[in-house]
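Novice: This is the structure, below, for whatever I ask next.
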Amino acid sequence: MPYGLQLLVQVSFSYLSTVAFAIIINVPRRALNLAGWSGAIGWLVYWLLMGLHSGRMLANLLGALAIGVCGMLFARRKKMPVIIFNIPGLVPLVPGATAYQAVRALVLGDMEVALQLTLRVAMVAGAIAVGFMLAQLLAETTYRMQATKAVKK
Amino acid sequence: MENELLATCLLAGRIMIEGGSEMYRVDDTMTRIARNAGGERAMVFTTPTGLFIALDSQPLVQLAPVRKRGIDMEKVAGVNQLSRSFQAGELTLAQLRARLVKLDTNTPYFPVWLQVLAAALCSTTLMVIFAQKYDWFDMPLAAAVGALGFYAYLWLSHVTTMRFISELVGAFVVGITAWVGVRLGLGQSLDNVIIGAVMPLVPGVAITNSIRDMLAGHLLSGMARGMEAILSACAIGVGIALIFRFF
């Protein structure tokens with residue numbers, strides 16, 4: 001499959017899945033589109049980095065950071081809580097496939113593989129948490145900078 | 001004797017928790033409403049199962065238990081909006097309270113058919129994303145299985161108040177229908193179909209809120225939400241695991 005088509009499929013599918021998940025958790029209608037974009041952008045960052053063989057942790061971290069930054073920008077623009085954009089946006093990054101393989105290995109009695117995969121799930125979850133943390137740090141520092149600028153004026 | 005300000009704050013907080021908000025936002029909104037109502041400093045203590053609020057100047061404390069914790073982002077956004085209008089002086093305290101009561105009792109939810117359809121779409125697109133293979137042949141089966149599993153989950157969450165059972169049964173339905181579908185030749189990869197179809201059940205709200213609460217220093221709420229996420233994930237895992245044990 002040509003690279004451009006792959007890119008198109010990745011972006012459109014991650015957008016659609018994010019919007020669909022947003023409908024499941026009853027995100028207000030006027031936020032659906034932007035929530036979808038935060039998911040698509042986060043996944044795109046992850047997918048491109050994985051394509052460059054950057055390593056799973058970095059890709060997850062930067063993907064989560066992208067989602068966090070998008071969520072922050074969209075939340076300020078729409079004047080809505082950040083989680084409305086963050087929760088659906090995170091859905092494509094959740095290590096679902098790995099978690100599933102871990103459960104399967106566990107049930108089929110393959111303890112070594114199960115442990116290895118569970119550890120990987122935990123590490124990915126940690127990387128996502130750190131990504132969110134950096135996004136929050138960014139949000140707070142820019143907010144403070146804006147506030148001090150406003151005071152000086 | 002009921003203090004209207006405290007009651008309004010508690011109502012706002014309860015609605016937000018029931019809608020699945022992060023705890024520090026609940027804290028923030030309640031303090032904000034109290035401050036905007038009369039410049040009084042409110043002291044708020046929030047947990048996922050109950051709220052306490054007191055005013056600095058008065059010997060009053062009120063508490064409200066939170067019995068159910070659902071997921072409804074519309075409510076979180078609604079309270080946020082009302083709090084903003086209150087801050088801007090567009091609403092009086094009595095009006096705010098009336099609007100909150102209205103928000104609590106009738107907030108539009110997407111109709112069930114649309115949710116099930118969304119679950120189908122979510123399953124089928126996420127299958128392609130997670131498997132990282134362009135597995136077109138399995139897409140219809142993943143959509144059907146995802147919709148069925150999510151419908152079972154929805155139905156059971158209405159029927160029973162027991163936590164985690166609906167996730168378990170939903171995952172089990174996903175597993176068994178996927179297995180039957182693959183046996184009938186409607187799909188090729190059982191693994192891919194299950195991975196996609198189980199995604200609408202994933203506790204995304206609990207995971208995200210847990211991280212955000214922990215970062216905001218709400219350790220108690222973060223731990224509770226994190227535990228909720230882990231237990232939901234375990235329930236889903238058990239539901240799927242049953243399939244491998246039986247067949």
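Simple scheme: letters A, B, ... for chains in structure tokens order, numbers from 1 for residues in each chain, numbers from 1 for ligands in the order shown.
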For segment 114-125 of chain B, find every residue with an atom within 8 Å (counting only C-alpha atoms), except residues of its own chain fewer than 6 positions away, and show them as a PyMOL selection string.
Specialist: (chain A and resi 13-14+16-18+20-21+23-24) or (chain B and resi 139-140+142-148+150-151+196-200)
Novice: Take the residues from that selection and put them in a file with N, CA and C atoms, as a tab-separated table (two decimals), in the first residue's frame.
Specialist:
```
chain	number	residue	atom	x	y	z
A	13	PHE	N	-9.07	6.87	10.33
A	13	PHE	CA	-9.57	5.86	11.26
A	13	PHE	C	-9.40	6.30	12.71
A	14	SER	N	-8.29	6.95	13.01
A	14	SER	CA	-8.13	7.38	14.40
A	14	SER	C	-9.12	8.50	14.72
A	16	LEU	N	-12.15	8.83	13.35
A	16	LEU	CA	-13.47	8.21	13.49
A	16	LEU	C	-13.61	7.47	14.81
A	17	SER	N	-12.57	6.73	15.18
A	17	SER	CA	-12.69	5.95	16.43
A	17	SER	C	-12.79	6.88	17.62
A	18	THR	N	-12.07	8.02	17.57
A	18	THR	CA	-12.14	8.95	18.69
A	18	THR	C	-13.52	9.58	18.80
A	20	ALA	N	-16.28	8.28	17.73
A	20	ALA	CA	-17.21	7.24	18.16
A	20	ALA	C	-17.13	7.04	19.66
A	21	PHE	N	-15.91	7.03	20.21
A	21	PHE	CA	-15.78	6.86	21.66
A	21	PHE	C	-16.35	8.07	22.39
A	23	ILE	N	-18.88	9.78	21.47
A	23	ILE	CA	-20.34	9.62	21.51
A	23	ILE	C	-20.73	8.67	22.64
A	24	ILE	N	-19.94	7.63	22.84
A	24	ILE	CA	-20.25	6.66	23.90
A	24	ILE	C	-20.25	7.32	25.27
B	139	MET	N	-13.28	-6.40	9.19
B	139	MET	CA	-13.95	-5.19	9.69
B	139	MET	C	-15.44	-5.36	10.00
B	140	PRO	N	-16.23	-5.98	9.09
B	140	PRO	CA	-17.67	-6.11	9.43
B	140	PRO	C	-17.88	-6.94	10.69
B	142	ALA	N	-15.85	-7.32	13.23
B	142	ALA	CA	-15.45	-6.53	14.41
B	142	ALA	C	-16.54	-5.53	14.78
B	143	ALA	N	-17.15	-4.90	13.77
B	143	ALA	CA	-18.22	-3.93	14.04
B	143	ALA	C	-19.40	-4.61	14.73
B	144	ALA	N	-19.81	-5.76	14.19
B	144	ALA	CA	-20.97	-6.47	14.74
B	144	ALA	C	-20.68	-6.93	16.16
B	145	VAL	N	-19.50	-7.50	16.37
B	145	VAL	CA	-19.14	-8.01	17.69
B	145	VAL	C	-19.04	-6.87	18.70
B	146	GLY	N	-18.42	-5.77	18.28
B	146	GLY	CA	-18.30	-4.62	19.17
B	146	GLY	C	-19.66	-4.08	19.58
B	147	ALA	N	-20.58	-3.99	18.61
B	147	ALA	CA	-21.91	-3.47	18.90
B	147	ALA	C	-22.64	-4.39	19.88
B	148	LEU	N	-22.56	-5.69	19.64
B	148	LEU	CA	-23.24	-6.65	20.52
B	148	LEU	C	-22.68	-6.59	21.94
B	150	PHE	N	-21.09	-4.16	23.39
B	150	PHE	CA	-21.41	-2.90	24.06
B	150	PHE	C	-22.88	-2.86	24.47
B	151	TYR	N	-23.75	-3.44	23.62
B	151	TYR	CA	-25.17	-3.46	23.97
B	151	TYR	C	-25.39	-4.30	25.24
B	196	GLY	N	-10.23	-5.20	18.81
B	196	GLY	CA	-11.02	-4.03	18.40
B	196	GLY	C	-12.33	-3.95	19.14
B	197	ALA	N	-13.02	-5.08	19.24
B	197	ALA	CA	-14.39	-5.07	19.73
B	197	ALA	C	-14.47	-4.77	21.22
B	198	VAL	N	-13.38	-5.02	21.95
B	198	VAL	CA	-13.41	-4.82	23.39
B	198	VAL	C	-13.17	-3.35	23.75
B	199	MET	N	-12.71	-2.58	22.78
B	199	MET	CA	-12.30	-1.19	23.07
B	199	MET	C	-13.41	-0.28	23.61
B	200	PRO	N	-14.67	-0.39	23.13
B	200	PRO	CA	-15.68	0.50	23.71
B	200	PRO	C	-15.88	0.28	25.21
```
Novice: Return as a ChimeraX atom specification the residues belonging to chain B that are within 8 Å of chain A, counting only C-alpha atoms.
Specialist: /B:21-22,71-74,76-77,80-81,109-110,114-115,118-119,121-123,125-126,128-131,195,199-200,204-205,208-209,211-212,215,237,241,244-245
Novice: Selection from above, N, CA and C atoms, as a CSV table (one decimal), in the first residue's frame, can you write it?
Specialist:
```
chain,number,residue,atom,x,y,z
B,21,SER,N,-16.2,13.8,36.3
B,21,SER,CA,-15.2,14.8,36.2
B,21,SER,C,-13.9,14.5,37.0
B,22,GLU,N,-12.8,15.2,36.8
B,22,GLU,CA,-11.7,15.0,37.7
B,22,GLU,C,-12.0,15.7,39.0
B,71,ILE,N,-20.8,8.1,33.6
B,71,ILE,CA,-20.0,8.9,32.7
B,71,ILE,C,-20.9,9.7,31.8
B,72,ASP,N,-20.8,11.0,31.9
B,72,ASP,CA,-21.6,11.9,31.1
B,72,ASP,C,-20.9,13.2,31.0
B,73,MET,N,-20.2,13.4,29.9
B,73,MET,CA,-19.4,14.6,29.8
B,73,MET,C,-20.2,15.8,29.6
B,74,GLU,N,-21.4,15.6,29.1
B,74,GLU,CA,-22.4,16.7,28.9
B,74,GLU,C,-22.6,17.4,30.2
B,76,VAL,N,-20.7,17.5,32.9
B,76,VAL,CA,-19.5,18.2,33.4
B,76,VAL,C,-19.4,19.5,32.7
B,77,ALA,N,-19.5,19.5,31.3
B,77,ALA,CA,-19.5,20.7,30.6
B,77,ALA,C,-20.6,21.7,31.0
B,80,ASN,N,-19.8,23.4,34.3
B,80,ASN,CA,-18.7,24.3,34.0
B,80,ASN,C,-19.3,25.6,33.4
B,81,GLN,N,-20.2,25.4,32.4
B,81,GLN,CA,-20.8,26.6,31.7
B,81,GLN,C,-21.6,27.4,32.7
B,109,TYR,N,-29.0,12.6,26.5
B,109,TYR,CA,-27.9,11.6,26.2
B,109,TYR,C,-28.1,11.2,24.8
B,110,PHE,N,-27.0,10.8,24.2
B,110,PHE,CA,-27.2,10.2,22.8
B,110,PHE,C,-28.1,9.0,22.9
B,114,LEU,N,-27.7,5.1,18.6
B,114,LEU,CA,-26.5,5.9,18.1
B,114,LEU,C,-25.2,5.4,18.9
B,115,GLN,N,-25.4,5.2,20.2
B,115,GLN,CA,-24.3,4.7,21.0
B,115,GLN,C,-23.8,3.4,20.5
B,118,ALA,N,-22.0,3.8,17.4
B,118,ALA,CA,-20.7,4.4,17.7
B,118,ALA,C,-19.8,3.3,18.2
B,119,ALA,N,-20.3,2.4,19.0
B,119,ALA,CA,-19.4,1.3,19.5
B,119,ALA,C,-18.9,0.5,18.3
B,121,LEU,N,-18.5,1.4,15.2
B,121,LEU,CA,-17.5,2.2,14.4
B,121,LEU,C,-16.2,2.2,15.2
B,122,CYS,N,-16.3,2.5,16.5
B,122,CYS,CA,-15.1,2.5,17.3
B,122,CYS,C,-14.3,1.2,17.2
B,123,SER,N,-15.1,0.1,17.3
B,123,SER,CA,-14.4,-1.3,17.3
B,123,SER,C,-13.7,-1.5,16.0
B,125,THR,N,-12.7,0.6,13.5
B,125,THR,CA,-11.6,1.4,13.2
B,125,THR,C,-10.4,1.1,14.1
B,126,LEU,N,-10.7,0.9,15.4
B,126,LEU,CA,-9.6,0.7,16.3
B,126,LEU,C,-8.9,-0.7,16.0
B,128,VAL,N,-8.2,-1.9,13.1
B,128,VAL,CA,-7.2,-1.6,12.1
B,128,VAL,C,-6.0,-0.9,12.7
B,129,ILE,N,-6.3,0.1,13.6
B,129,ILE,CA,-5.3,0.9,14.2
B,129,ILE,C,-4.4,0.1,15.1
B,130,PHE,N,-5.0,-0.8,15.9
B,130,PHE,CA,-4.2,-1.5,16.9
B,130,PHE,C,-3.4,-2.7,16.2
B,131,ALA,N,-4.1,-3.3,15.3
B,131,ALA,CA,-3.4,-4.5,14.7
B,131,ALA,C,-2.3,-4.0,13.8
B,195,ILE,N,-9.6,-7.7,20.0
B,195,ILE,CA,-8.9,-6.4,20.4
B,195,ILE,C,-9.7,-5.2,20.0
B,199,MET,N,-12.7,-2.6,22.8
B,199,MET,CA,-12.3,-1.2,23.1
B,199,MET,C,-13.4,-0.3,23.6
B,200,PRO,N,-14.7,-0.4,23.1
B,200,PRO,CA,-15.7,0.5,23.7
B,200,PRO,C,-15.9,0.3,25.2
B,204,GLY,N,-11.7,4.4,29.8
B,204,GLY,CA,-10.9,5.5,29.4
B,204,GLY,C,-11.0,6.7,30.4
B,205,VAL,N,-12.3,6.9,30.9
B,205,VAL,CA,-12.5,8.0,31.8
B,205,VAL,C,-11.7,7.8,33.1
B,208,THR,N,-7.8,8.3,32.5
B,208,THR,CA,-7.4,9.7,32.3
B,208,THR,C,-7.5,10.5,33.6
B,209,ASN,N,-8.7,10.3,34.2
B,209,ASN,CA,-8.9,11.1,35.5
B,209,ASN,C,-7.9,10.7,36.6
B,211,ILE,N,-4.9,9.8,36.2
B,211,ILE,CA,-3.6,10.4,35.9
B,211,ILE,C,-3.7,11.9,36.3
B,212,ARG,N,-4.8,12.6,35.8
B,212,ARG,CA,-4.9,14.0,36.0
B,212,ARG,C,-5.0,14.3,37.5
B,215,LEU,N,-1.7,14.0,39.3
B,215,LEU,CA,-0.8,15.1,39.0
B,215,LEU,C,-1.2,16.4,39.7
B,237,GLY,N,-10.5,-8.5,31.2
B,237,GLY,CA,-9.6,-9.6,30.9
B,237,GLY,C,-10.2,-10.9,31.3
B,241,ALA,N,-10.8,-14.0,28.9
B,241,ALA,CA,-10.0,-15.2,29.3
B,241,ALA,C,-10.9,-16.5,29.3
B,244,PHE,N,-10.8,-18.5,26.1
B,244,PHE,CA,-9.7,-19.4,25.8
B,244,PHE,C,-9.7,-20.6,26.7
B,245,ARG,N,-10.3,-20.5,27.9
B,245,ARG,CA,-10.3,-21.7,28.8
B,245,ARG,C,-11.4,-22.7,28.3
```
Novice: Write out as a PyMOL selection string each polymer residue whose atoms come within 9 Å of Val69 of chain A, counting only C-alpha atoms; drop sequence neighbours fewer than 2 positions from it.
Specialist: chain A and resi 38+64-67+71-74+132+135-136+138-139
Novice: Got a sec to tell me which of segment 77-131 of chain A DSSP assigns to helix (DSSP H, G or I), as a PyMOL selection string?
Specialist: chain A and resi 77-78+83-93+96-107+111-131
Novice: Find the residues near Ser232 of chain B: any atom within 7 Å, counting only C-alpha atoms, skip ones fewer than 3 places away on the same chain, and give them as a ChimeraX atom specification.
Specialist: /B:164,167,203,228-229,235-236
Novice: Generate the output file for the selected residues, C-alpha atoms, as a tab-separated table (two decimals), in the first residue's frame.
Specialist:
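To be explicit, this is the file written out as again_22.tsv:
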```
chain	number	residue	atom	x	y	z
B	164	PHE	CA	-17.67	-4.59	37.09
B	167	GLU	CA	-17.80	-5.11	31.86
B	203	PRO	CA	-12.33	2.49	31.19
B	228	GLU	CA	-11.49	1.48	39.37
B	229	ALA	CA	-9.58	1.39	36.07
B	235	ALA	CA	-13.05	-7.73	34.58
B	236	ILE	CA	-12.62	-7.33	30.83
```
Novice: So the first atom is atom CA of Val61 of chain B and the second is atom CA of Ala88 of chain B; what is the distance between them in Å, to one decimal place?
Specialist: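 Those two atoms sit 26.9 Å apart.
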Novice: Calculated over only C-alpha atoms, which of the candidates B:Met223, B:Val112, B:Leu103, B:Ala216 has the smallest distance to Leu137 of chain A?
Specialist: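 The shortest atom-to-atom distance to Leu137 of chain A comes from B:Ala216.
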Novice: Show which residues sit within 8 Å of segment 134-138 of chain B, as a list in words. Count only C-alpha atoms, and ignore same-chain residues fewer than 4 positions away.
Specialist: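 Once the adjacent positions are removed, what remains is Val128, Ala142, Leu186, Gly187, Gln188, Ser189, Asn192 and Val193 of chain B.
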Novice: Just the number, please: distance in Å from atom CA of Arg32 of chain B to atom CA of Arg77 of chain A, one decimal.
Specialist: 20.8 Å
